[in-house]
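Engineer: Please read through the structure below; I'll follow up with questions.
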Amino acid sequence: MIIKKVKDEIQNYLADSSNFKGNCEAVYFPQSKSDIIEIVVKANRDKIPITVSGNGTGLAGGRVPLEGNVLATDQLNKIIEINKSDKFAIVQPGVLLRDLQVELENHNLYYPPDPTEQDCYIGGTVATNASGAKTFKYGPTRNFIQELKIVLPDGESLSIKRGKLKAVKNYLELETDNGKKLLLSLPDYKMPAVKNAAGYFCMPDMDAIDLFIGSEGTLGIIYEIKIKLLSKPKSVLSGVIFFDEEKKGLQFISEARDLSRNFTDSGIVALGLEFFDFHSLSFLTSDYPNIPADADCAVWFEQEISTESESELVQNWIDLINNFSGDLENSWIAQNENDRKNFHEFRHAVSWKVNEFIASKNLTKVGTDVAVPDDEFIEFYFDVKSLVSGLGLNFLTYGHFGNSHLHLNMLPENENEHKLAKEIYFKICEKAVKLGGTISAEHGIGKLKREYLLMMYGESAIKQMAELKKQLDPNRILGIGNLFDPEYLK
């Protein structure tokens with residue numbers, strides 16, 4: 001096991017992609033389950049906080065320590081098994097998503113959860129229940145997790161298989177690998193019926209494994225993960241379609257979403273439906289000069305296709321694009337796999353460029369991660385854009401609009417504008433909650449969004465979350481500051 005304490009050597013573990021910064025005494029790099037247990041037992045005995053760290057691609061400060069020590073998963077980076085016949089893989093948490101996808105291609109397999117940042121660790125995606133473009137069809141990371149092996153805050157280990165252990169109403173009994181039994185009382189709040197990654201996943205009769213997925217390093221340390229895989233599709237139709245009016249682009253997405261979910265004769269079943277407004281396109285023009293000058297917005301879509309269905313599906317998508325006056329002449333349709341990968345890079349570019357801009361101003365990122373019910377989304381979208389536009393703050397919008405999930409990123413130039421951006425952010429979150437939505441559809445809560453989680457669920461629910469954590473972590477050592485204020489743990 002490696003331990004680093006020199007400040008210059010641990011700086012990378014004191015921030016994430018939101019530019020949120022923290023502090024710690026040391027960074028531990030375990031190389032095995034026994035190393036993790038050794039670290040945790042000592043920390044639990046001495047009541048020293050531990051923050052679990054992935055690769056720093058998060059946007060909510062979850063891996064950033066406030067004090068104590070960091071447990072970095074970098075050395076837990078082995079792909080243990082890829083089973084082609086039964087379509088699963090077993091990996092350690094420090095495996096890069098990018099490396100896993102490359103290895104799976106060699107076996108003609110793929111793993112649908114597709115977060116924007118491919119350099120994330122698999123363990124981080126499980127801890128935050130990450131999602132991405134393909135979430136529209138396949139759902140978030142949660143849907144592909146079959147087994148987890150976890151070290152609990154007291155050093156006990158736990159092995160959980162999906163479908164093997166369920167809660168009875170709001171009570172869940174766990175048994176550790178050593179036979180220790182834990183009876184947990186689960187919170188009884190109701191989660192919103194939208195894409196959601198805010199707070200603990202809790203519901204009556206739930207599968208035990210779902211409690212730990214998305215728990216943001218507060219309930220246990222994941223050291224082994226079994227994931228479900230799919231056969232690699234024979235071909236994927238991919239395109240970036242430009243529209244001269246936002247309303248046309250939004251209506252195109254709504255129609256494509258409805259066709260995809262209703263399995264109509266059109267055969268249209270999109271993998272993803274992503275939107276980029278005029279400001280996003282302008283932000284990308286220097287890197288992508290072939291963006292049409294008169295484009296008001298763009299929609300990126302993909303669909304898996306077979307040789308037999310290709311010509312019919314292409315025509316059905318063309319008809320749909322024409323129905324909403326998409327600019328087919330200047331739009332981008334992938335002719336090969338290289339084109340498709342370039343479109344993925346285009347889709348991801350706006351996100352990293354925003355992060356780069358914010359870091360250059362030495363500010364923390366202020367970008368929404370809200371989702372609302374589908375029937376509320378278009379009106380919600382124009383309302384929040386109007387709110388920001390009226391205050392003279394630079395911004396851009398993009399996101400997973402197939403899931404009614406909006407990333408509105410404000411681009412403050414200084415501290416005063418940053419303060420204004422946070423005030424706007426609060427109002428947008430408040431409006432999303434009132435509509436039955438969520439304040440975090442995919443990025444989690446971490447340390448930056450605790451007040452918004454409180455807004456979403458109310459203090460009673462936050463207290464229930466804290467009580468649940470204390471049942472597994474009575475000495476309050478693991479992931480302190482994530483999800484809710486440490487005051488709730490007293």
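Residues in the structure tokens are named by chain (A, B, ... in the order shown) and by number from 1 within that chain; ligands are numbered from 1 in the order shown.
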What parts of stretch 255-286 of chain A does DSSP call strand (DSSP E)? I'd like the answer as a list in words.

Structural biologist: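 DSSP-assigned strand (DSSP E) residues in stretch 255-286 of chain A: Gly272, Leu273, Glu274, Phe275, Phe276 and Asp277 of chain A.
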
Engineer: Determine, for each residue of stretch 274-309 of chain A having at least one atom at most 8 Å from an atom of stretch 330-349 of chain A, the closest pair of atoms and their separation in Å to one decimal, counting only C-alpha atoms; order by chain and ascending number, as a Markdown table.

Structural biologist:
```
| residue | atom | partner | partner_atom | distance |
| --- | --- | --- | --- | --- |
| A:Leu284 | CA | A:Ala349 | CA | 7.6 |
| A:Pro292 | CA | A:Asn330 | CA | 6.7 |
| A:Trp300 | CA | A:Arg347 | CA | 7.5 |
```

Engineer: Applying 8 Å and only C-alpha atoms, which residues near A:Asp114 remain after dropping the ones on its own chain fewer than 6 positions away? List them as a ChimeraX atom specification.

Structural biologist: /A:131-135

Engineer: Could you dump the residues just selected with N, CA and C atoms as a CSV table (one decimal), in the first residue's frame?

Structural biologist:
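Ended up saving to part_28.csv:
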```
chain,number,residue,atom,x,y,z
A,131,SER,N,-24.9,8.5,-15.4
A,131,SER,CA,-25.6,8.2,-16.7
A,131,SER,C,-25.0,9.1,-17.8
A,132,GLY,N,-25.6,8.9,-19.0
A,132,GLY,CA,-25.1,9.6,-20.1
A,132,GLY,C,-26.0,9.6,-21.3
A,133,ALA,N,-25.5,9.7,-22.5
A,133,ALA,CA,-26.4,9.8,-23.7
A,133,ALA,C,-27.3,8.5,-23.8
A,134,LYS,N,-26.8,7.3,-23.6
A,134,LYS,CA,-27.6,6.1,-23.8
A,134,LYS,C,-28.5,5.9,-22.7
A,135,THR,N,-28.5,6.7,-21.7
A,135,THR,CA,-29.5,6.6,-20.6
A,135,THR,C,-30.9,6.6,-21.1
```

Engineer: Go through A:Glu487, A:Leu435, A:Val366, A:Ser389 one by one, measure the shortest atom-to-atom distance of each to A:Lys449 using only C-alpha atoms, and give the residue with the smallest value.

Structural biologist: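 Of A:Glu487, A:Leu435, A:Val366, A:Ser389, the one nearest A:Lys449, counting only C-alpha atoms, is A:Val366.
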
Engineer: Counting only C-alpha atoms, figure out which residue out of A:Asn322, A:Ser215, A:Ser404, A:Gln146 gets nearest to A:Ser254.

Structural biologist: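 Selected residue with least distance to A:Ser254: A:Ser404.
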
Engineer: Which residue gives the smallest distance to A:Gly446 among A:Lys463, A:Lys469, A:Arg63, A:Lys84, with only C-alpha atoms counted?

Structural biologist: A:Arg63
